[in-house]
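Scroll down for the structure; my scribbles are underneath it.
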Amino acid sequence: MGLLSKKDAKLITDPLADNNPITIQVLGICSALAITAELKASIVMAVSVMAVLGIGNVVISLMRNIIPSKIRIIVQLVVVAALVIIVDQVLKAFAYELSKTLSVFVGLIITNCIIMGRFEAFALANKPWQSFLDGIGNAAGYGLILIIVGFFRELLGSGTLLGFKVLGDPIEKTGLYAIGYENNGFMLLSPMALIVVGIIIWIQRSRNKALIED
Amino acid sequence: MENRTDKNSYTIIFAVAMVLIVGSLLAFTASSLKPTITENQRIEKQQNILYAMGVNENDESSANFVSTDVAPELFEKYIQKQLVIENGKISENDEAYLIDVKKQQANEKAGQPRKLPLFIGEKDGQTFYIAPIRGKGLWDAIWAYISMDENMVVQGAFFDHAGETPGLGANIKQRFFMDDFIGEHLLNDAGNFAGIDVAKGNADPKNLDKTDNEVDAIAGATITGNGVAAMIKSDLKLYESYFKNLKNN
């Protein structure tokens, strides 16, 4: 028996593959399109969402018996917005550099449908520990897709990874560029993120027929 | 039986309590952290200004400020004078760098006089004139500190933004974009203010021609790039008469 029971472990592993929030539930697509032009931004976003979803799920789960059902969506929104703003303020005061990097993501985190989705579908009906695991798992599943998309978009669009010129210099014509390779500028635009996500969905469903709906 | 949490009275009390608790929590956080945040922003302005005049810790490819501990000291050392230009009148003010460009632009729109801050720095015998400018990108505000010599030739530039798209518009604060501005002329051949265009598909991607009044744009960031060109054109033009007077004296 490890640290987690089998059921608890499934809360983390399920959203990574067969119940992935982006490719199966098709949630959180907007931020997946907006910020995946660079690998670094994808990683930052994945970590931020993991923190917010993990803590938010616990807060909602602790409050699950006292939240009035008529206004539960508003309560969820207030919790996530307050959480994100407090974190942002604290970072601004004590980690100013980091907060500058993250500022762009704050709005995108609050409006991320995965967060509201997990609050509504899981945290409202489950205990804090399970909710925490569910939050981490779903954020990891989301982050995984973000990082895959970010990897291909940055590599094919700019010829770099995390800012390093892995394919050579396009202006000085070194590396791959010396033999006529060109960056695909289209990869940097949002529609290509959608197409990359589409390809991931295609691969995933062709490997696991159970995922295909009639 | 009706659930306790379904009652209207419960819902209303819950909502009121939630608003009060969350509201005071946010207000408390914001006001208790405000002094630290303001101090951070003050030092950041000094770092930005120093960056524009070449006092920075850049390595080969990334942009790095001088560290926050030494920024105030270096600011004191390198910035000789801080001027405020208002209606053509020039005065000195040691806190000119704290002038809020956004507020001054709003004043100008409302028909009130606009205060133009200008910082004069000296490094290795060379004089830098550094002006703060501000404009609009795709999503939110963009701003910059541009340092020039007395002929309005750009000596350094620092761009920043509030919320441009990561990987696209946000790249205006990357070295490859900012460094392109160094050496660019703001005046045209006839000596009149022309600004610097952020041009797509120009024939000079390596930016060897410094007198063409244009730099190469970032692919996928057309609107941010246009915003950069527009803010240079509108805000730096205001300093043109200062530089003209400088030459005549």
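Simple scheme: letters A, B, ... for chains in structure tokens order, numbers from 1 for residues in each chain, numbers from 1 for ligands in the order shown.
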
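Using only C-alpha atoms, the residues found no farther than 6 Å from region 145-154 of chain A, other than those of its own chain fewer than 2 positions away, are A:Ala32, A:Thr36, A:Ala37, A:Glu38, A:Leu39, A:Ser42, A:Tyr142, A:Gly143, A:Leu156, A:Gly157, A:Ser158, A:Thr160, A:Met187.
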
Test item, strand (DSSP E) assignment across region 8-246 of chain B, answer as an NGL selection string: :B and (79-86 or 89-92 or 116-123 or 126-136 or 141-148 or 154-161 or 197-199 or 214-216)

If we count only C-alpha atoms and set the cut-off at 8 Å, which residues sit around region 77-82 of chain B, ignoring sequence neighbours fewer than 5 positions away in its own chain? Please answer as a VMD selection string. chain B and resid 50 92 to 97 117 to 123

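Among A:Leu124, A:Val26, A:Leu155, A:Val84, the residue with the shortest atom-to-atom distance to Gly107 (chain A), counting only C-alpha atoms, is A:Val84.
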
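Proximity to Leu11 (chain A) at 7 Å, evaluated using only C-alpha atoms and with sequence-adjacent residues fewer than 2 positions away removed, yields Lys7, Asp8, Ala9, Thr13, Asp14, Leu133, Asp134 and Gly137 of chain A.
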
Residue selection dump (N, CA and C atoms) as a PDB file, in the first residue's frame:
```pdb
ATOM      1  N   LYS A   7      -8.089   4.156  -5.303  1.00  0.00           N
ATOM      2  CA  LYS A   7      -9.133   5.058  -5.747  1.00  0.00           C
ATOM      3  C   LYS A   7      -8.609   6.500  -5.814  1.00  0.00           C
ATOM      4  N   ASP A   8      -7.799   6.840  -4.790  1.00  0.00           N
ATOM      5  CA  ASP A   8      -7.240   8.189  -4.760  1.00  0.00           C
ATOM      6  C   ASP A   8      -6.252   8.399  -5.905  1.00  0.00           C
ATOM      7  N   ALA A   9      -5.457   7.371  -6.164  1.00  0.00           N
ATOM      8  CA  ALA A   9      -4.461   7.499  -7.229  1.00  0.00           C
ATOM      9  C   ALA A   9      -5.139   7.708  -8.577  1.00  0.00           C
ATOM     10  N   THR A  13      -4.465  10.052 -11.926  1.00  0.00           N
ATOM     11  CA  THR A  13      -4.049   9.511 -13.222  1.00  0.00           C
ATOM     12  C   THR A  13      -5.145   9.609 -14.285  1.00  0.00           C
ATOM     13  N   ASP A  14      -6.405   9.518 -13.877  1.00  0.00           N
ATOM     14  CA  ASP A  14      -7.493   9.562 -14.866  1.00  0.00           C
ATOM     15  C   ASP A  14      -7.460  10.815 -15.744  1.00  0.00           C
ATOM     16  N   LEU A 133      -6.686  16.108  -4.517  1.00  0.00           N
ATOM     17  CA  LEU A 133      -6.073  15.224  -5.513  1.00  0.00           C
ATOM     18  C   LEU A 133      -6.711  15.430  -6.883  1.00  0.00           C
ATOM     19  N   ASP A 134      -8.036  15.556  -6.892  1.00  0.00           N
ATOM     20  CA  ASP A 134      -8.741  15.772  -8.153  1.00  0.00           C
ATOM     21  C   ASP A 134      -8.265  17.065  -8.827  1.00  0.00           C
ATOM     22  N   GLY A 137      -4.756  16.538 -10.168  1.00  0.00           N
ATOM     23  CA  GLY A 137      -4.803  15.655 -11.332  1.00  0.00           C
ATOM     24  C   GLY A 137      -5.314  16.359 -12.571  1.00  0.00           C
TER      25      GLY A 137
END
```

Just need the residues of chain A within 7 Å of chain B, counting only C-alpha atoms, so spit them out as a list in words. Ile35, Ala37, Glu38, Ala41, Ile66, Ile67, Pro68, Ser69, Lys70, Ile86, Gln89, Lys92, Ala93, Tyr96, Val104, Gly185, Leu188 and Leu189 of chain A

May I have the selected residues written with N, CA and C atoms, as a PDB file, in the first residue's frame?
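Saved file again_32.pdb follows:
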```
ATOM      1  N   ILE A  35      -2.076  30.993 -24.912  1.00  0.00           N
ATOM      2  CA  ILE A  35      -0.751  31.188 -24.335  1.00  0.00           C
ATOM      3  C   ILE A  35       0.248  30.103 -24.727  1.00  0.00           C
ATOM      4  N   ALA A  37       1.944  29.698 -27.507  1.00  0.00           N
ATOM      5  CA  ALA A  37       2.904  29.993 -28.569  1.00  0.00           C
ATOM      6  C   ALA A  37       4.334  29.784 -28.089  1.00  0.00           C
ATOM      7  N   GLU A  38       4.500  29.716 -26.746  1.00  0.00           N
ATOM      8  CA  GLU A  38       5.824  29.538 -26.157  1.00  0.00           C
ATOM      9  C   GLU A  38       5.755  28.447 -25.110  1.00  0.00           C
ATOM     10  N   ALA A  41       5.633  29.915 -21.358  1.00  0.00           N
ATOM     11  CA  ALA A  41       4.332  30.395 -20.912  1.00  0.00           C
ATOM     12  C   ALA A  41       3.416  29.229 -20.573  1.00  0.00           C
ATOM     13  N   ILE A  66     -22.326  24.159   3.400  1.00  0.00           N
ATOM     14  CA  ILE A  66     -22.986  25.417   3.768  1.00  0.00           C
ATOM     15  C   ILE A  66     -23.270  26.302   2.557  1.00  0.00           C
ATOM     16  N   ILE A  67     -22.820  25.909   1.361  1.00  0.00           N
ATOM     17  CA  ILE A  67     -23.068  26.747   0.180  1.00  0.00           C
ATOM     18  C   ILE A  67     -24.520  26.580  -0.277  1.00  0.00           C
ATOM     19  N   PRO A  68     -25.266  27.684  -0.375  1.00  0.00           N
ATOM     20  CA  PRO A  68     -26.647  27.594  -0.850  1.00  0.00           C
ATOM     21  C   PRO A  68     -26.649  27.179  -2.321  1.00  0.00           C
ATOM     22  N   SER A  69     -27.445  26.185  -2.680  1.00  0.00           N
ATOM     23  CA  SER A  69     -27.359  25.658  -4.037  1.00  0.00           C
ATOM     24  C   SER A  69     -27.774  26.684  -5.088  1.00  0.00           C
ATOM     25  N   LYS A  70     -28.639  27.639  -4.701  1.00  0.00           N
ATOM     26  CA  LYS A  70     -29.108  28.601  -5.691  1.00  0.00           C
ATOM     27  C   LYS A  70     -28.007  29.530  -6.180  1.00  0.00           C
ATOM     28  N   ILE A  86      -5.530  37.531  -4.310  1.00  0.00           N
ATOM     29  CA  ILE A  86      -4.672  37.556  -3.123  1.00  0.00           C
ATOM     30  C   ILE A  86      -3.275  37.049  -3.479  1.00  0.00           C
ATOM     31  N   GLN A  89      -1.440  39.720  -5.389  1.00  0.00           N
ATOM     32  CA  GLN A  89      -0.985  40.832  -4.545  1.00  0.00           C
ATOM     33  C   GLN A  89       0.236  40.440  -3.721  1.00  0.00           C
ATOM     34  N   LYS A  92       3.206  40.375  -5.884  1.00  0.00           N
ATOM     35  CA  LYS A  92       3.634  41.727  -6.234  1.00  0.00           C
ATOM     36  C   LYS A  92       4.470  42.346  -5.126  1.00  0.00           C
ATOM     37  N   ALA A  93       4.141  42.003  -3.881  1.00  0.00           N
ATOM     38  CA  ALA A  93       4.852  42.593  -2.755  1.00  0.00           C
ATOM     39  C   ALA A  93       6.172  41.867  -2.492  1.00  0.00           C
ATOM     40  N   TYR A  96       8.375  40.395  -6.881  1.00  0.00           N
ATOM     41  CA  TYR A  96       7.903  41.316  -7.904  1.00  0.00           C
ATOM     42  C   TYR A  96       8.191  40.831  -9.321  1.00  0.00           C
ATOM     43  N   VAL A 104      -0.068  38.444 -16.756  1.00  0.00           N
ATOM     44  CA  VAL A 104      -0.866  38.190 -17.950  1.00  0.00           C
ATOM     45  C   VAL A 104      -1.846  37.029 -17.713  1.00  0.00           C
ATOM     46  N   GLY A 185       5.402  30.475 -39.638  1.00  0.00           N
ATOM     47  CA  GLY A 185       4.803  31.545 -38.829  1.00  0.00           C
ATOM     48  C   GLY A 185       3.358  31.252 -38.436  1.00  0.00           C
ATOM     49  N   LEU A 188       2.425  30.103 -34.921  1.00  0.00           N
ATOM     50  CA  LEU A 188       2.353  31.043 -33.808  1.00  0.00           C
ATOM     51  C   LEU A 188       0.945  31.589 -33.610  1.00  0.00           C
ATOM     52  N   LEU A 189       0.092  31.409 -34.593  1.00  0.00           N
ATOM     53  CA  LEU A 189      -1.255  31.965 -34.489  1.00  0.00           C
ATOM     54  C   LEU A 189      -2.193  30.957 -33.821  1.00  0.00           C
TER      55      LEU A 189
END
```
